[in-house]
Structures are given as C-alpha cells and as structure tokens.
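> Supplied in structure tokens, the structure appears directly below.
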Amino acid sequence: VLLFARYAELLGTERTDVPSHPGMTVGDVVSALRARPGGSGLPARPLCAVNLEQAPLGHPLAPGDEVALLPPLAGG
Amino acid sequence: VLLFARYAELLGTERTDVPSHPGMTVGDVVSALRARPGGSGLPARPLCAVNLEQAPLGHPLAPGDEVALLPPLAGG
Amino acid sequence: MTHLSRQPLSVEALLAAVRDPSRGAVAIFVGDVRNHHGGREVLRLEYSAYEPMAEKECHAIIEDAERRWPVSLALAHRLGALEVGEAAVVVAASASHRGEAFEACRWVIDEVKRRVPIWKREYYADGTVAWVDPTASSGVVAAGQGMAP
Amino acid sequence: MTHLSRQPLSVEALLAAVRDPSRGAVAIFVGDVRNHHGGREVLRLEYSAYEPMAEKECHAIIEDAERRWPVSLALAHRLGALEVGEAAVVVAASASHRGEAFEACRWVIDEVKRRVPIWKREYYADGTVAWVDPTASSGVVAAGQGMAP
C-alpha cells in the first residue's frame with residue numbers, strides 16, 4: 001500500500017504492507033491502516049487508487065494490485 | 001484627411017486636403033473624396049475618426065481637426 | 001507603455017510584465033500568422049496601423065479591462081512585415097483567480113479585433129495580394145502589389 | 001512526453017510544442033506560487049505526486065481535451081521545492097479559433113486540479129507548515145516540519 005503527503009506523515013511511512021485475505025477490498029485496506037498507530041487521522045473514506053486508477057472502497061483486490069491512499073488533491 | 005490601407009491605395013495617397021467650408025461634417029469630407037479619381041471605390045459610409053476618436057458622418061468639423069477614413073479593421 | 005512594435009513580440013516579456021507574487025494565475029493569448037486564409041496559401045503579410053489612434057485604443061482597452069476585473073494586463077501588436085508562424089498579437093492577464101485571468105484575456109483580444117485601427121495585407125503563394133476585410137463575404141478584397149501604406 | 005518536471009517550467013517551450021502554422025490561436029495558462037494563502041505569508045512550497053498515476057492522468061486529460069476540441073495541447077506540472085513567483089503549472093492550447101483554444105486551456109487546468117494526484121506543502125513566514133487541502137474549511141491542514149514525502 002502506497003501512502004502520500006499527509007497520509008504518509010500520519011503513518012510515518014510511504015509504503016507498507018497489509019495482510020491479505022480472500023475477498024479483500026480497498027475498504028478493508030483502509031480499515032487495517034486506520035487501526036495502526038497514527039492511522040486514526042485517516043478519514044474513513046479516503047480517495048483511493050488501484051493500479052493507477054481511482055477506485056471505490058468496495059473495489060475487490062487481486063494479488064499484486066498496487067493500492068494507494070490519496071489525500072485531497074492540491075495540484076495546479 | 002488621412003487615408004489608410006485599401007483606402008490609401010484607392011486614392012493613391014495617405015494624406016490629402018479637402019477644401020473646408022462652414023458647417024462642414026465628416027460626411028462632407030467623405031463625399032468630396034468619393035468624387036476624386038479612384039474615390040468611387042470608397043463606401044458611402046466608411047468608418048471615420050476625428051482627432052483619434054471614431055466619429056459618425058454627421059460629426060461637425062472645426063479648423064485643425066484630424067480626420068481619418070478607416071477601412072474595415074483587421075487587427076489581432 | 002507602447003503597444004505597437006515592429007520587432008518580434010516576446011511572450012516572456014509580456015508574461016514578466018504582468019506576473020506578481022500576490023497573484024497566482026496568468027492567462028496569455030498569442031495570435032500567430034497562419035499559413036492559409038480562405039483556401040489560399042499565405043506566404044507572409046503586412047500589418048499597418050493608424051498608429052496614434054491604435055496606441056490610444058490599446059491603452060483604453062487595458063484601462064477598461066482593469067476597471068472591469070481585478071487583473072493586471074499587457075498587450076502588444078506587431079506591425080510591418082511578418083512571416084507565417086510569427087506572433088501578430090500577444091495579451092497577458094494576471095489575477096488571483098484563473099477565471100478572471102481567462103475572461104479578461106479573452107475580452108481584450110476580442111476588443112483589439114473590434115476597435116483598434118490596424119489593417120492586414122496578405123501575400124499568397126499564387127502571387128496575388130489582398131486586404132483582409134472581415135466585413136466582406138470572402139474575408140478579403142484584392143489589393144495592389146506595390147505601395148506599403 | 002513527460003508532464004512532471006523537477007526543473008523550472010519554460011512557457012516558451014510549451015508554446016513551441018503546440019504552435020503550428022496552420023493554427024493561429026494559442027491560449028496559455030500559467031499558475032504561479034503565490035506569496036500568501038489563507039491570510040498567511042508563504043515563503044516557499046513543495047509539490048509531491050503519485051508520479052506514475054499523475055503522468056497517466058495528465059496524459060488522459062490531454063487526450064480527452066484533444067477529442068473534445070480541435071486543439072493541440074501541452075501540459076507541465078512542477079514537482080519538488082518551489083519559491084514564491086515560480087510557475088507550478090503551465091498549459092498551452094493551439095487551435096484555429098481562439099474560442100476553442102481558450103476553452104480547452106481552461107478545461108485542462110480545471111481537470112488537473114480535479115484529478116491529478118499532486119500534493120502541496122506550504123512553508124509560512126511564521127515558521128509553520130501545512131498541507132494544502134481544498135476540502136478543508138481553512139484550506140489547509142497542519143503538517144510536520146520534517147519528512148518530504
């Protein structure tokens with residue numbers, strides 16, 4: 001799981017692993033991270049991406065998927 | 001009287017004089033020029049300026065006024 | 001400031017003239033000489049102006065726009081002989097908000113076309129020459145080859 | 001083409017990338033780093049990105065715009081440390097008609113803000129640091145001083 005900007009700061013890392021299980025969704029990854037130290041600062045429904053595409057929390061994950069949690073965008 | 005672009009080409013000059021008379025208007029200047037050789041190519045109601053401001057044909061002229069006949073604008 | 005130039009226009013110079021660290025948005029318009037007009041291949045063209053009136057109108061357009069939007073503006077129009085691809089006109093507008101910068105920039109170029117006394121003579125690949133006339137149905141009126149007013 | 005750059009952006013380079021002698025109109029947007037935000041004096045800032053996704057989104061925005069309007073587009077976003085007054089983003093759009101160039105340019109910058117994963121950390125004159133968050137009521141969320149993600 002990739003973390004960026006404020007979310008990386010909250011969790012103290014830009015990249016971490018979450019134990020996988022069959023039927024796992026993006027929302028399960030978010031819940032696991034919110035239970036980590038510093039993770040309570042993450043919103044319940046952050047913007048997420050799977051394999052470089054925005055994905056809803058219900059999006060199912062397959063082995064090898066690249067999951068990313070994206071803080072509110074501030075480009076431009 | 002100042003002439004520009006196609007109007008200067010029609011009359012063969014960029015500057016000419018028109019005899020003045022009391023009560024003369026911009027339209028009188030246009031009429032005088034249209035009677036000149038080449039002047040028949042001028043429209044009856046060209047865009048005109050007096051002292052660097054657009055002026056209608058009925059605009060009265062005073063001695064020393066700078067009158068200009070402006071072909072259709074094509075800047076930009 | 002003078003808005004008419006016989007030298008190539010510098011987009012960077014106009015950008016620098018309006019940039020301001022308190023304003024984050026700059027919109028720029030560049031009008032280039034096209035290689036075709038009305039189905040004919042254009043080789044080059046010539047802009048002429050009623051210069052004192054054109055300067056005055058450019059100045060008035062900028063003043064009007066700066067009254068209408070909280071923007072800072074720069075405007076330059078080229079005169080003389082231009083090759084295809086060269087910039088004929090450049091407008092730059094800086095503002096705190098991009099909407100204002102875009103609107104003011106767009107309004108200025110529209111007004112330049114509407115009210116600045118500038119004329120354009122196009123030279124075509126077939127050897128003919130014409131005055132551009134946006135009021136004519138063909139967009140042009142035949143011109144002589146010779147005198148450069 | 002790569003749309004993300006750690007070097008200063010060149011407006012001239014983006015202009016040159018879209019200029020085309022068959023198209024006469026170019027609209028450009030430049031977004032500069034402002035010296036203030038939310039009433040606080042900004043000294044400098046840092047942009048970071050989810051780089052492969054940001055490149056992909058920039059590319060998709062340009063493809064979408066070029067499908068929607070008859071335009072040619074260039075887009076560059078700066079990453080890393082920027083000083084006040086430096087360009088953070090530049091968009092250039094060329095078209096045959098100025099309306100299309102302005103509309104496409106405006107749409108692209110709006111989409112960049114809406115969907116490209118880029119983040120901004122601001123450093124203020126009072127020594128504080130914050131993440132810019134357009135969804136927060138204050139527009140920012142306090143940040144740590146240290147790690148540069």
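Each chain in the structure tokens gets a letter, A, B and so on, in the order shown; residues start at 1 in every chain, and ligands are counted from 1 in the order they appear.
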Could you list, with a cut-off of 7 Å and counting only C-alpha atoms, the residues of chain D near chain C, each shown with its nearest atom pair and the distance in Å rounded to one decimal, rows sorted by chain and ascending number, as CSV?


```
residue,atom,partner,partner_atom,distance
D:Pro21,CA,C:Gly85,CA,4.9
D:Ser22,CA,C:Arg34,CA,5.3
D:Arg23,CA,C:Arg34,CA,6.0
D:Gly24,CA,C:Asp32,CA,4.6
D:Ala25,CA,C:Gly31,CA,4.9
D:Val26,CA,C:Val30,CA,5.0
D:Ala27,CA,C:Phe29,CA,4.6
D:Ile28,CA,C:Ile28,CA,4.9
D:Phe29,CA,C:Ala27,CA,4.6
D:Val30,CA,C:Val26,CA,5.0
D:Gly31,CA,C:Ala25,CA,4.9
D:Asp32,CA,C:Gly24,CA,4.6
D:Val33,CA,C:Gly24,CA,5.9
D:Arg34,CA,C:Pro21,CA,5.2
D:Asn35,CA,C:Ser22,CA,5.4
D:His36,CA,C:Ser22,CA,6.7
D:Val84,CA,C:Pro21,CA,6.3
D:Gly85,CA,C:Pro21,CA,4.9
```

> How would chain B read as a compact mmCIF listing (two decimals) with N, CA, C and O atoms, in the first residue's frame once least-squares superposed on chain A using all paired C-alpha atoms?


```
# COMPACT_ATOMS: atom_id res chain seq x y z
N VAL B 1 0.88 -1.20 0.04
CA VAL B 1 0.02 -0.01 0.01
C VAL B 1 0.91 1.24 0.01
O VAL B 1 1.83 1.36 0.81
N LEU B 2 0.58 2.18 -0.90
CA LEU B 2 1.35 3.42 -0.99
C LEU B 2 0.61 4.53 -0.27
O LEU B 2 -0.61 4.67 -0.38
N LEU B 3 1.38 5.34 0.46
CA LEU B 3 0.80 6.48 1.19
C LEU B 3 1.52 7.74 0.74
O LEU B 3 2.73 7.74 0.50
N PHE B 4 0.76 8.84 0.63
CA PHE B 4 1.35 10.08 0.13
C PHE B 4 1.07 11.25 1.07
O PHE B 4 0.08 11.26 1.79
N ALA B 5 1.96 12.24 0.98
CA ALA B 5 1.75 13.55 1.59
C ALA B 5 1.32 13.41 3.06
O ALA B 5 2.00 12.75 3.83
N ARG B 6 0.17 13.99 3.42
CA ARG B 6 -0.21 13.97 4.83
C ARG B 6 -0.46 12.55 5.34
O ARG B 6 -0.19 12.26 6.51
N TYR B 7 -0.96 11.67 4.50
CA TYR B 7 -1.22 10.30 4.96
C TYR B 7 0.10 9.58 5.26
O TYR B 7 0.20 8.79 6.22
N ALA B 8 1.12 9.84 4.46
CA ALA B 8 2.44 9.25 4.74
C ALA B 8 2.99 9.79 6.05
O ALA B 8 3.60 9.06 6.84
N GLU B 9 2.74 11.08 6.28
CA GLU B 9 3.20 11.71 7.51
C GLU B 9 2.50 11.10 8.73
O GLU B 9 3.15 10.80 9.75
N LEU B 10 1.18 10.88 8.62
CA LEU B 10 0.41 10.31 9.74
C LEU B 10 0.90 8.92 10.10
O LEU B 10 1.09 8.59 11.27
N LEU B 11 1.13 8.08 9.08
CA LEU B 11 1.52 6.70 9.34
C LEU B 11 3.03 6.54 9.49
O LEU B 11 3.52 5.47 9.83
N GLY B 12 3.77 7.61 9.16
CA GLY B 12 5.23 7.56 9.29
C GLY B 12 5.92 6.73 8.23
O GLY B 12 7.07 6.33 8.38
N THR B 13 5.22 6.48 7.13
CA THR B 13 5.84 5.70 6.06
C THR B 13 5.14 5.99 4.73
O THR B 13 3.97 6.39 4.72
N GLU B 14 5.88 5.77 3.65
CA GLU B 14 5.28 5.97 2.32
C GLU B 14 4.84 4.65 1.70
O GLU B 14 4.27 4.63 0.62
N ARG B 15 5.17 3.55 2.38
CA ARG B 15 4.85 2.24 1.79
C ARG B 15 4.75 1.25 2.94
O ARG B 15 5.62 1.20 3.79
N THR B 16 3.68 0.47 2.94
CA THR B 16 3.53 -0.52 4.00
C THR B 16 2.80 -1.73 3.41
O THR B 16 2.28 -1.68 2.29
N ASP B 17 2.77 -2.80 4.17
CA ASP B 17 2.02 -3.97 3.71
C ASP B 17 0.86 -4.21 4.65
O ASP B 17 0.92 -3.91 5.83
N VAL B 18 -0.21 -4.77 4.10
CA VAL B 18 -1.37 -5.15 4.89
C VAL B 18 -1.63 -6.62 4.57
O VAL B 18 -1.66 -6.99 3.40
N PRO B 19 -1.79 -7.48 5.61
CA PRO B 19 -2.03 -8.91 5.34
C PRO B 19 -3.27 -9.07 4.48
O PRO B 19 -4.30 -8.45 4.74
N SER B 20 -3.18 -9.88 3.45
CA SER B 20 -4.31 -10.02 2.53
C SER B 20 -5.16 -11.23 2.93
O SER B 20 -4.70 -12.14 3.63
N HIS B 21 -6.40 -11.19 2.51
CA HIS B 21 -7.28 -12.34 2.72
C HIS B 21 -8.21 -12.43 1.51
O HIS B 21 -8.44 -11.42 0.83
N PRO B 22 -8.77 -13.58 1.26
CA PRO B 22 -9.65 -13.73 0.09
C PRO B 22 -10.83 -12.76 0.20
O PRO B 22 -11.35 -12.55 1.30
N GLY B 23 -11.22 -12.15 -0.92
CA GLY B 23 -12.36 -11.24 -0.93
C GLY B 23 -12.05 -9.86 -0.39
O GLY B 23 -12.95 -9.07 -0.15
N MET B 24 -10.77 -9.60 -0.17
CA MET B 24 -10.36 -8.32 0.40
C MET B 24 -10.71 -7.17 -0.55
O MET B 24 -10.60 -7.29 -1.76
N THR B 25 -11.16 -6.05 0.05
CA THR B 25 -11.49 -4.86 -0.75
C THR B 25 -10.58 -3.69 -0.36
O THR B 25 -9.86 -3.76 0.66
N VAL B 26 -10.67 -2.62 -1.13
CA VAL B 26 -9.93 -1.40 -0.81
C VAL B 26 -10.32 -0.91 0.60
O VAL B 26 -9.48 -0.49 1.38
N GLY B 27 -11.62 -0.99 0.89
CA GLY B 27 -12.08 -0.55 2.21
C GLY B 27 -11.45 -1.34 3.34
O GLY B 27 -11.17 -0.78 4.42
N ASP B 28 -11.19 -2.63 3.13
CA ASP B 28 -10.53 -3.44 4.17
C ASP B 28 -9.11 -2.94 4.42
O ASP B 28 -8.63 -2.93 5.56
N VAL B 29 -8.43 -2.51 3.36
CA VAL B 29 -7.08 -1.96 3.50
C VAL B 29 -7.13 -0.68 4.33
O VAL B 29 -6.33 -0.47 5.25
N VAL B 30 -8.11 0.17 4.01
CA VAL B 30 -8.24 1.43 4.75
C VAL B 30 -8.50 1.15 6.23
O VAL B 30 -7.85 1.74 7.11
N SER B 31 -9.40 0.21 6.51
CA SER B 31 -9.71 -0.12 7.91
C SER B 31 -8.47 -0.62 8.64
O SER B 31 -8.22 -0.24 9.80
N ALA B 32 -7.69 -1.47 7.99
CA ALA B 32 -6.48 -2.00 8.62
C ALA B 32 -5.50 -0.87 8.94
O ALA B 32 -4.88 -0.85 10.01
N LEU B 33 -5.38 0.07 8.02
CA LEU B 33 -4.43 1.17 8.25
C LEU B 33 -4.92 2.11 9.34
O LEU B 33 -4.13 2.66 10.11
N ARG B 34 -6.24 2.31 9.42
CA ARG B 34 -6.78 3.21 10.45
C ARG B 34 -6.57 2.64 11.85
O ARG B 34 -6.58 3.39 12.83
N ALA B 35 -6.40 1.31 11.96
CA ALA B 35 -6.15 0.68 13.25
C ALA B 35 -4.68 0.78 13.67
O ALA B 35 -4.32 0.48 14.81
N ARG B 36 -3.83 1.21 12.75
CA ARG B 36 -2.39 1.32 13.05
C ARG B 36 -2.10 2.57 13.90
O ARG B 36 -2.89 3.51 13.91
N PRO B 37 -0.93 2.62 14.55
CA PRO B 37 -0.55 3.87 15.24
C PRO B 37 -0.50 5.03 14.25
O PRO B 37 0.11 4.91 13.18
N GLY B 38 -1.19 6.11 14.60
CA GLY B 38 -1.25 7.28 13.72
C GLY B 38 -2.35 7.19 12.70
O GLY B 38 -2.72 8.19 12.07
N GLY B 39 -2.90 5.99 12.53
CA GLY B 39 -3.89 5.77 11.47
C GLY B 39 -5.25 6.38 11.76
O GLY B 39 -6.07 6.52 10.85
N SER B 40 -5.49 6.76 13.03
CA SER B 40 -6.80 7.33 13.37
C SER B 40 -7.00 8.68 12.67
O SER B 40 -8.12 9.15 12.55
N GLY B 41 -5.92 9.29 12.18
CA GLY B 41 -6.04 10.55 11.45
C GLY B 41 -6.51 10.37 10.01
O GLY B 41 -6.87 11.34 9.35
N LEU B 42 -6.51 9.12 9.55
CA LEU B 42 -7.01 8.88 8.18
C LEU B 42 -8.52 8.99 8.18
O LEU B 42 -9.19 8.53 9.10
N PRO B 43 -9.11 9.57 7.13
CA PRO B 43 -10.56 9.60 7.05
C PRO B 43 -11.10 8.19 6.79
O PRO B 43 -10.38 7.32 6.31
N ALA B 44 -12.37 8.00 7.14
CA ALA B 44 -12.98 6.68 6.94
C ALA B 44 -13.12 6.37 5.45
O ALA B 44 -13.10 5.21 5.04
N ARG B 45 -13.27 7.41 4.64
CA ARG B 45 -13.47 7.19 3.20
C ARG B 45 -12.48 8.03 2.39
O ARG B 45 -12.87 8.96 1.68
N PRO B 46 -11.20 7.69 2.47
CA PRO B 46 -10.22 8.47 1.68
C PRO B 46 -10.35 8.15 0.19
O PRO B 46 -10.91 7.12 -0.18
N LEU B 47 -9.82 9.03 -0.62
CA LEU B 47 -9.69 8.77 -2.05
C LEU B 47 -8.64 7.67 -2.20
O LEU B 47 -7.57 7.74 -1.59
N CYS B 48 -8.98 6.64 -3.00
CA CYS B 48 -8.04 5.53 -3.18
C CYS B 48 -7.83 5.23 -4.66
O CYS B 48 -8.67 5.56 -5.50
N ALA B 49 -6.70 4.62 -4.96
CA ALA B 49 -6.44 4.18 -6.33
C ALA B 49 -5.95 2.74 -6.31
O ALA B 49 -5.27 2.31 -5.36
N VAL B 50 -6.33 1.99 -7.33
CA VAL B 50 -5.82 0.64 -7.52
C VAL B 50 -5.21 0.58 -8.93
O VAL B 50 -5.89 0.94 -9.92
N ASN B 51 -3.95 0.22 -8.99
CA ASN B 51 -3.24 0.15 -10.28
C ASN B 51 -3.39 1.45 -11.08
O ASN B 51 -3.70 1.44 -12.27
N LEU B 52 -3.18 2.56 -10.41
CA LEU B 52 -3.13 3.91 -11.02
C LEU B 52 -4.50 4.44 -11.46
O LEU B 52 -4.56 5.45 -12.16
N GLU B 53 -5.58 3.78 -11.04
CA GLU B 53 -6.93 4.27 -11.35
C GLU B 53 -7.67 4.51 -10.04
O GLU B 53 -7.60 3.67 -9.13
N GLN B 54 -8.43 5.59 -9.96
CA GLN B 54 -9.25 5.80 -8.77
C GLN B 54 -10.22 4.63 -8.63
O GLN B 54 -10.75 4.12 -9.62
N ALA B 55 -10.42 4.18 -7.39
CA ALA B 55 -11.26 3.00 -7.16
C ALA B 55 -12.11 3.22 -5.90
O ALA B 55 -11.64 3.82 -4.94
N PRO B 56 -13.36 2.77 -5.92
CA PRO B 56 -14.22 2.91 -4.74
C PRO B 56 -13.78 1.94 -3.64
O PRO B 56 -13.03 0.99 -3.89
N LEU B 57 -14.27 2.18 -2.40
CA LEU B 57 -13.86 1.34 -1.27
C LEU B 57 -14.29 -0.11 -1.46
O LEU B 57 -13.66 -1.03 -0.93
N GLY B 58 -15.36 -0.33 -2.23
CA GLY B 58 -15.83 -1.70 -2.43
C GLY B 58 -15.05 -2.48 -3.47
O GLY B 58 -15.29 -3.68 -3.69
N HIS B 59 -14.08 -1.82 -4.12
CA HIS B 59 -13.31 -2.46 -5.19
C HIS B 59 -12.58 -3.70 -4.67
O HIS B 59 -11.81 -3.62 -3.71
N PRO B 60 -12.79 -4.88 -5.26
CA PRO B 60 -12.09 -6.09 -4.81
C PRO B 60 -10.64 -6.09 -5.26
O PRO B 60 -10.32 -5.58 -6.33
N LEU B 61 -9.78 -6.66 -4.41
CA LEU B 61 -8.35 -6.66 -4.73
C LEU B 61 -7.88 -8.05 -5.15
O LEU B 61 -8.35 -9.07 -4.63
N ALA B 62 -6.93 -8.04 -6.09
CA ALA B 62 -6.31 -9.29 -6.53
C ALA B 62 -4.84 -9.24 -6.12
O ALA B 62 -4.29 -8.15 -5.91
N PRO B 63 -4.20 -10.41 -6.00
CA PRO B 63 -2.78 -10.41 -5.63
C PRO B 63 -1.98 -9.55 -6.62
O PRO B 63 -2.22 -9.60 -7.82
N GLY B 64 -1.04 -8.73 -6.08
CA GLY B 64 -0.21 -7.90 -6.95
C GLY B 64 -0.78 -6.53 -7.24
O GLY B 64 -0.10 -5.69 -7.83
N ASP B 65 -2.04 -6.29 -6.88
CA ASP B 65 -2.62 -4.95 -7.10
C ASP B 65 -1.83 -3.91 -6.31
O ASP B 65 -1.46 -4.14 -5.16
N GLU B 66 -1.61 -2.74 -6.95
CA GLU B 66 -0.97 -1.63 -6.25
C GLU B 66 -2.06 -0.72 -5.70
O GLU B 66 -2.79 -0.09 -6.47
N VAL B 67 -2.18 -0.67 -4.38
CA VAL B 67 -3.20 0.16 -3.74
C VAL B 67 -2.54 1.43 -3.22
O VAL B 67 -1.43 1.38 -2.68
N ALA B 68 -3.22 2.57 -3.41
CA ALA B 68 -2.67 3.84 -2.91
C ALA B 68 -3.77 4.64 -2.24
O ALA B 68 -4.91 4.66 -2.70
N LEU B 69 -3.43 5.29 -1.11
CA LEU B 69 -4.36 6.20 -0.43
C LEU B 69 -3.96 7.63 -0.76
O LEU B 69 -2.81 8.02 -0.52
N LEU B 70 -4.92 8.39 -1.30
CA LEU B 70 -4.60 9.72 -1.82
C LEU B 70 -5.25 10.81 -0.97
O LEU B 70 -6.47 10.93 -0.94
N PRO B 71 -4.45 11.66 -0.32
CA PRO B 71 -5.03 12.82 0.38
C PRO B 71 -5.72 13.73 -0.63
O PRO B 71 -5.55 13.58 -1.85
N PRO B 72 -6.53 14.69 -0.12
CA PRO B 72 -7.20 15.63 -1.03
C PRO B 72 -6.20 16.24 -2.01
O PRO B 72 -5.14 16.72 -1.60
N LEU B 73 -6.54 16.21 -3.29
CA LEU B 73 -5.62 16.65 -4.35
C LEU B 73 -5.40 18.16 -4.27
O LEU B 73 -6.33 18.91 -3.99
N ALA B 74 -4.18 18.58 -4.54
CA ALA B 74 -3.85 20.00 -4.43
C ALA B 74 -2.90 20.44 -5.54
O ALA B 74 -2.10 21.35 -5.37
N GLY B 75 -3.02 19.83 -6.71
CA GLY B 75 -2.16 20.23 -7.83
C GLY B 75 -2.67 21.49 -8.49
O GLY B 75 -3.74 22.00 -8.18
N GLY B 76 -1.87 22.00 -9.41
CA GLY B 76 -2.27 23.16 -10.20
C GLY B 76 -1.92 24.47 -9.52
O GLY B 76 -1.52 24.50 -8.38
```

> Calculate how many Å separate atom CA of C:Ala13 from atom CA of C:Ala74, rounding to one decimal.

9.4 Å

> With stretch 126-133 of chain D as the partner and 12 Å as the cut-off, tabulate the residues of stretch 4-75 of chain D that qualify, each row holding the nearest pair of atoms and their distance in Å to one decimal, using only C-alpha atoms, sorted by chain and rising number, as a Markdown table.


```
| residue | atom | partner | partner_atom | distance |
| --- | --- | --- | --- | --- |
| D:His36 | CA | D:Asp126 | CA | 11.9 |
| D:His37 | CA | D:Val132 | CA | 9.4 |
| D:Gly38 | CA | D:Val132 | CA | 10.2 |
| D:Gly39 | CA | D:Asp126 | CA | 11.6 |
| D:Arg40 | CA | D:Asp126 | CA | 8.1 |
| D:Glu41 | CA | D:Asp126 | CA | 7.8 |
| D:Val42 | CA | D:Asp126 | CA | 9.0 |
| D:Leu43 | CA | D:Gly127 | CA | 9.3 |
| D:Arg44 | CA | D:Val129 | CA | 10.0 |
| D:Leu45 | CA | D:Val129 | CA | 9.1 |
| D:Glu46 | CA | D:Trp131 | CA | 9.5 |
| D:Tyr47 | CA | D:Trp131 | CA | 10.0 |
| D:Ser48 | CA | D:Trp131 | CA | 10.9 |
```

> If you run DSSP on this backbone, which residues of chain B come out as alpha helix (DSSP H), and could you give them as a list in words?

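Here are the alpha helix (DSSP H) residues of chain B: Ala5, Arg6, Tyr7, Ala8, Glu9, Leu10, Leu11, Val26, Gly27, Asp28, Val29, Val30, Ser31, Ala32, Leu33 and Arg34 of chain B.
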
> Deliver the residues from the most recent selection as a file, using N, CA and C atoms, as a PDB file, in the first residue's frame.


```
ATOM      1  N   ALA B   5      -4.423  51.951 -45.630  1.00  0.00           N
ATOM      2  CA  ALA B   5      -4.587  50.615 -46.201  1.00  0.00           C
ATOM      3  C   ALA B   5      -5.284  50.689 -47.569  1.00  0.00           C
ATOM      4  N   ARG B   6      -6.407  49.984 -47.730  1.00  0.00           N
ATOM      5  CA  ARG B   6      -7.027  49.946 -49.045  1.00  0.00           C
ATOM      6  C   ARG B   6      -7.510  51.318 -49.494  1.00  0.00           C
ATOM      7  N   TYR B   7      -7.954  52.155 -48.571  1.00  0.00           N
ATOM      8  CA  TYR B   7      -8.442  53.480 -48.975  1.00  0.00           C
ATOM      9  C   TYR B   7      -7.283  54.340 -49.494  1.00  0.00           C
ATOM     10  N   ALA B   8      -6.119  54.200 -48.885  1.00  0.00           N
ATOM     11  CA  ALA B   8      -4.941  54.934 -49.383  1.00  0.00           C
ATOM     12  C   ALA B   8      -4.568  54.434 -50.783  1.00  0.00           C
ATOM     13  N   GLU B   9      -4.711  53.125 -50.968  1.00  0.00           N
ATOM     14  CA  GLU B   9      -4.411  52.531 -52.271  1.00  0.00           C
ATOM     15  C   GLU B   9      -5.372  53.051 -53.342  1.00  0.00           C
ATOM     16  N   LEU B  10      -6.665  53.125 -53.001  1.00  0.00           N
ATOM     17  CA  LEU B  10      -7.685  53.593 -53.959  1.00  0.00           C
ATOM     18  C   LEU B  10      -7.414  55.025 -54.390  1.00  0.00           C
ATOM     19  N   LEU B  11      -7.112  55.893 -53.423  1.00  0.00           N
ATOM     20  CA  LEU B  11      -6.926  57.309 -53.734  1.00  0.00           C
ATOM     21  C   LEU B  11      -5.492  57.628 -54.146  1.00  0.00           C
ATOM     22  N   VAL B  26     -18.057  65.341 -41.221  1.00  0.00           N
ATOM     23  CA  VAL B  26     -17.258  64.211 -41.676  1.00  0.00           C
ATOM     24  C   VAL B  26     -17.827  63.663 -42.995  1.00  0.00           C
ATOM     25  N   GLY B  27     -19.156  63.599 -43.059  1.00  0.00           N
ATOM     26  CA  GLY B  27     -19.792  63.093 -44.275  1.00  0.00           C
ATOM     27  C   GLY B  27     -19.456  63.930 -45.499  1.00  0.00           C
ATOM     28  N   ASP B  28     -19.311  65.251 -45.325  1.00  0.00           N
ATOM     29  CA  ASP B  28     -18.933  66.115 -46.453  1.00  0.00           C
ATOM     30  C   ASP B  28     -17.537  65.765 -46.955  1.00  0.00           C
ATOM     31  N   VAL B  29     -16.635  65.425 -46.034  1.00  0.00           N
ATOM     32  CA  VAL B  29     -15.278  65.036 -46.413  1.00  0.00           C
ATOM     33  C   VAL B  29     -15.329  63.743 -47.234  1.00  0.00           C
ATOM     34  N   VAL B  30     -16.138  62.791 -46.750  1.00  0.00           N
ATOM     35  CA  VAL B  30     -16.259  61.520 -47.465  1.00  0.00           C
ATOM     36  C   VAL B  30     -16.798  61.756 -48.877  1.00  0.00           C
ATOM     37  N   SER B  31     -17.836  62.585 -48.987  1.00  0.00           N
ATOM     38  CA  SER B  31     -18.419  62.862 -50.310  1.00  0.00           C
ATOM     39  C   SER B  31     -17.391  63.488 -51.244  1.00  0.00           C
ATOM     40  N   ALA B  32     -16.605  64.420 -50.727  1.00  0.00           N
ATOM     41  CA  ALA B  32     -15.593  65.080 -51.556  1.00  0.00           C
ATOM     42  C   ALA B  32     -14.562  64.065 -52.052  1.00  0.00           C
ATOM     43  N   LEU B  33     -14.180  63.151 -51.176  1.00  0.00           N
ATOM     44  CA  LEU B  33     -13.170  62.159 -51.574  1.00  0.00           C
ATOM     45  C   LEU B  33     -13.737  61.155 -52.573  1.00  0.00           C
ATOM     46  N   ARG B  34     -15.020  60.809 -52.418  1.00  0.00           N
ATOM     47  CA  ARG B  34     -15.631  59.845 -53.346  1.00  0.00           C
ATOM     48  C   ARG B  34     -15.731  60.419 -54.758  1.00  0.00           C
TER      49      ARG B  34
END
```

> Select from stretch 40-71 of chain B everything DSSP, run on the backbone, classes as strand (DSSP E), then give the selection as a list in words.

Leu47, Cys48, Ala49, Val50, Glu53, Gln54, Ala55, Val67, Ala68, Leu69 and Leu70 of chain B

> Can you measure atom CA of D:Val141 to atom CA of D:Arg121 for me? One decimal in Å is fine.

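Going from atom CA of D:Val141 over to atom CA of D:Arg121 covers 9.5 Å.
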